[in-house]
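Right, one structure below, let's go through it.
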Amino acid sequence: DIQPTAGISIASLVDNTTCGDYAATTTSYWNSDTYADTFVRDAILGTGPVAGWNHESRRELLTKGAAYLVVRQSIFDRLRKGVDKCNEGARDAAVYDWEVAYALHSGNREGPEGRGSGSSTYGLADRRCWQFATCVTGTFPARANVLALEAWRRGVTALYAGQCMSALREMKLIKAQLTVPLVQGALREAHETDYGPAGGAHAADGIVEVAEGWAFLAAFLPELAQCDAGVAQLVSTNLALSLTGPWMSSGFKAVKEAMESQYACLGITCSDVGAMLTDNTFQPIADWRACSDEPVLYGLEVSRIVTYAVGLIAAVVVLAVILALLACALCYMCATKGKNTAPKRQGEENYIDVQMKG
């Protein structure tokens, strides 16, 4: 059985007083500043909403809750502290906080090349990228990790230079990229708990996917609700932590499209998230198409409208050329016919006339 470790408080990892907007959003949504701690403790003890769940499901809630709720919040806490210290003129201390934040993100099992088996937010992105075709090359590294590291480096450079607002902008980019694998995870489990025609529950393991889906969603649900409360309500209802269901009552397509509608607000794109591939053949899953980042007009992507317009113009030009050629041909035929039927001049005889006279 899973037992708590005496003397260690998960909440002690997170200082909600300095996390900035993220902490305020999280505390406001859950109506608690210790939700992450409660989430993990319920998973350990089998209490609260986790009462009656099997050990495998509780283990998923525990590990994912600790990494994606607690550690993720601690990452943002450190990043925000760094920006605050930059504003106070303590540049070295600011950089130190950002280095600690990256250590929390990567963990200590990724190795010098980042190819380890870590369980923090870095490891999650690498595990998801090959499932969603969002790796830089092949199955490594996750594009989200590369973009996050680039933003981290730019942020550290800005902190050293005392450019605090630039560091704050990089912090927002980091936050967005750390959200990508959580969205991918939530969508994956939504698909695997949907028993409808577009779902994949028939190939899933069972109730454990419900636990995993809720753990992924809970990590960014307050941010989603800040973007659109209605979307957050729809998604959380369909992915609710429930032993008896119903699960995915709105269907995977509705949940997917609802989340996609808020990508821009979350600071991510359709290409960041991609679409899940089959585990064995790495082929696109039926009825799961990645959304497009292109603007839409009258229900069609602008690029498609342009393509259709170019095709239509080309067809009109070709038709005009054909009609012009036909017109020329008709004119020529009429002119030729006129010459052949013109009256004979005086003294002019044709072959038949000559033969008859003969």
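Residues in the structure tokens are named by chain (A, B, ... in the order shown) and by number from 1 within that chain; ligands are numbered from 1 in the order shown.
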Considering only C-alpha atoms, tabulate each residue of range 104-190 of chain A that lies at most 10 Å from range 240-256 of chain A along with its nearest interatomic pair and the corresponding distance in Å to one decimal; arrange the rows by chain and ascending residue number and present them as a Markdown table.
```
| residue | atom | partner | partner_atom | distance |
| --- | --- | --- | --- | --- |
| A:Val183 | CA | A:Lys256 | CA | 9.8 |
| A:Ala186 | CA | A:Lys256 | CA | 9.5 |
| A:Leu187 | CA | A:Lys256 | CA | 6.7 |
| A:Arg188 | CA | A:Phe252 | CA | 9.8 |
| A:Glu189 | CA | A:Phe252 | CA | 9.8 |
| A:Ala190 | CA | A:Phe252 | CA | 6.3 |
```
With C-alpha atoms kept, could you save the residues just selected as a short mmCIF file (atom, residue, chain, number, x, y, z; two decimals), in the first residue's frame?
```cif
data_model
loop_
_atom_site.label_atom_id
_atom_site.label_comp_id
_atom_site.auth_asym_id
_atom_site.auth_seq_id
_atom_site.Cartn_x
_atom_site.Cartn_y
_atom_site.Cartn_z
CA VAL A 183 -2.84 19.25 -22.73
CA ALA A 186 -5.46 15.24 -20.96
CA LEU A 187 -6.49 14.72 -24.60
CA ARG A 188 -4.92 11.26 -24.68
CA GLU A 189 -6.86 10.13 -21.61
CA ALA A 190 -10.04 11.81 -22.84
#
```
Would you pick out the contacts of range 120-133 of chain A at 6 Å or less, using only C-alpha atoms, so that residues sharing its chain but fewer than 2 positions from it are not included, and give the list as a ChimeraX atom specification?
/A:67,105-107,118,135,139,142,181,274-277
I need the residues from that last selection saved to file as a PDB file, in the first residue's frame (with C-alpha atoms), if you can.
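Heads up, here's the output in again05.pdb:
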```
ATOM      1  CA  ALA A  67       5.096  16.286 -10.491  1.00  0.00           C
ATOM      2  CA  HIS A 105      11.762  21.075 -14.411  1.00  0.00           C
ATOM      3  CA  SER A 106      14.425  18.620 -15.543  1.00  0.00           C
ATOM      4  CA  GLY A 107      14.886  16.540 -12.402  1.00  0.00           C
ATOM      5  CA  GLY A 118      12.993  11.537 -15.314  1.00  0.00           C
ATOM      6  CA  CYS A 135       9.534  15.877 -31.278  1.00  0.00           C
ATOM      7  CA  THR A 139      11.371  10.475 -30.918  1.00  0.00           C
ATOM      8  CA  ALA A 142      10.341  17.286 -27.358  1.00  0.00           C
ATOM      9  CA  PRO A 181       2.415  18.020 -22.555  1.00  0.00           C
ATOM     10  CA  GLY A 274      -0.284  17.959 -32.619  1.00  0.00           C
ATOM     11  CA  ALA A 275      -2.485  14.860 -32.760  1.00  0.00           C
ATOM     12  CA  MET A 276      -1.948  11.463 -31.166  1.00  0.00           C
ATOM     13  CA  LEU A 277      -0.574   8.540 -33.158  1.00  0.00           C
TER      14      LEU A 277
END
```
Looking only at strand (DSSP E) from DSSP on the backbone, list the matching residues of range 41-192 of chain A as a PDB file with C-alpha atoms, in the first residue's frame.
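selection.pdb was written with the following content:
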```pdb
ATOM      1  CA  CYS A 135       9.534  15.877 -31.278  1.00  0.00           C
ATOM      2  CA  VAL A 136      12.212  17.910 -33.023  1.00  0.00           C
ATOM      3  CA  THR A 137      13.482  14.780 -34.774  1.00  0.00           C
ATOM      4  CA  PHE A 140      13.626  13.042 -29.202  1.00  0.00           C
ATOM      5  CA  PRO A 141      13.749  15.750 -27.965  1.00  0.00           C
ATOM      6  CA  ALA A 142      10.341  17.286 -27.358  1.00  0.00           C
TER       7      ALA A 142
END
```
Would you compute the distance between CA of Asn87 in chain A and CA of Ala158 in chain A? Give it in Å to one decimal.
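Between these atoms lies a distance of 11.7 Å.
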Quick one: distance from CA of Leu221 in chain A to CA of Glu150 in chain A in Å, one decimal?
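Separation between CA of Leu221 in chain A and CA of Glu150 in chain A: 25.8 Å.
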Polymer residues at most 9 Å from Gly199 in chain A, only C-alpha atoms, same-chain spacing of 2 or more positions, as a list in words
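These residues fall inside the cut-off: Ala190, His191, Glu192, Thr193, Asp194, Tyr195, Gly196, Pro197, Ala201, His202, Gly251, Phe252, Lys253 and Asp287 of chain A.
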What separates CA of Glu294 in chain A and CA of Thr134 in chain A is a distance of 18.0 Å
I want to know what sits within 12 Å of Gly52 in chain A, based on only C-alpha atoms, with residues of the same chain fewer than 4 positions away left out; could you give that as a list of chain:residue names?
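Close residues of Gly52 in chain A: A:Asp42, A:Ala43, A:Leu45, A:Gly46, A:Thr47, A:Gly48, A:Glu56, A:Ser57, A:Arg58, A:Ile207, A:Leu241, A:Ser242, A:Leu243, A:Thr244.
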Selection above as a file: C-alpha atoms, as a JSON list (two decimals), in the first residue's frame:
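What ended up in selection_28.json:
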```
[["chain", "number", "residue", "atom", "x", "y", "z"],
["A", 42, "ASP", "CA", -5.70, 12.05, -0.81],
["A", 43, "ALA", "CA", -3.91, 9.87, -3.36],
["A", 45, "LEU", "CA", -4.23, 7.87, 1.92],
["A", 46, "GLY", "CA", -7.15, 6.98, -0.34],
["A", 47, "THR", "CA", -9.31, 9.71, 1.15],
["A", 48, "GLY", "CA", -11.61, 12.40, -0.20],
["A", 56, "GLU", "CA", -2.84, 1.62, -9.52],
["A", 57, "SER", "CA", -5.13, 4.61, -10.00],
["A", 58, "ARG", "CA", -4.00, 6.19, -6.74],
["A", 207, "ILE", "CA", -10.42, 3.11, -14.68],
["A", 241, "LEU", "CA", -12.63, 11.99, -11.20],
["A", 242, "SER", "CA", -15.51, 9.54, -10.86],
["A", 243, "LEU", "CA", -15.55, 5.80, -10.23],
["A", 244, "THR", "CA", -18.97, 5.31, -11.78]]
```
For the structure I just gave you, how does DSSP split range 101-334 of chain A - specifically, which residues are helix (DSSP H, G or I)? Reply as a PyMOL selection string.
chain A and resi 101-106+121-132+143-160+164-192+201-203+208-227+229-238+252-260+263-266+270-273+302-334
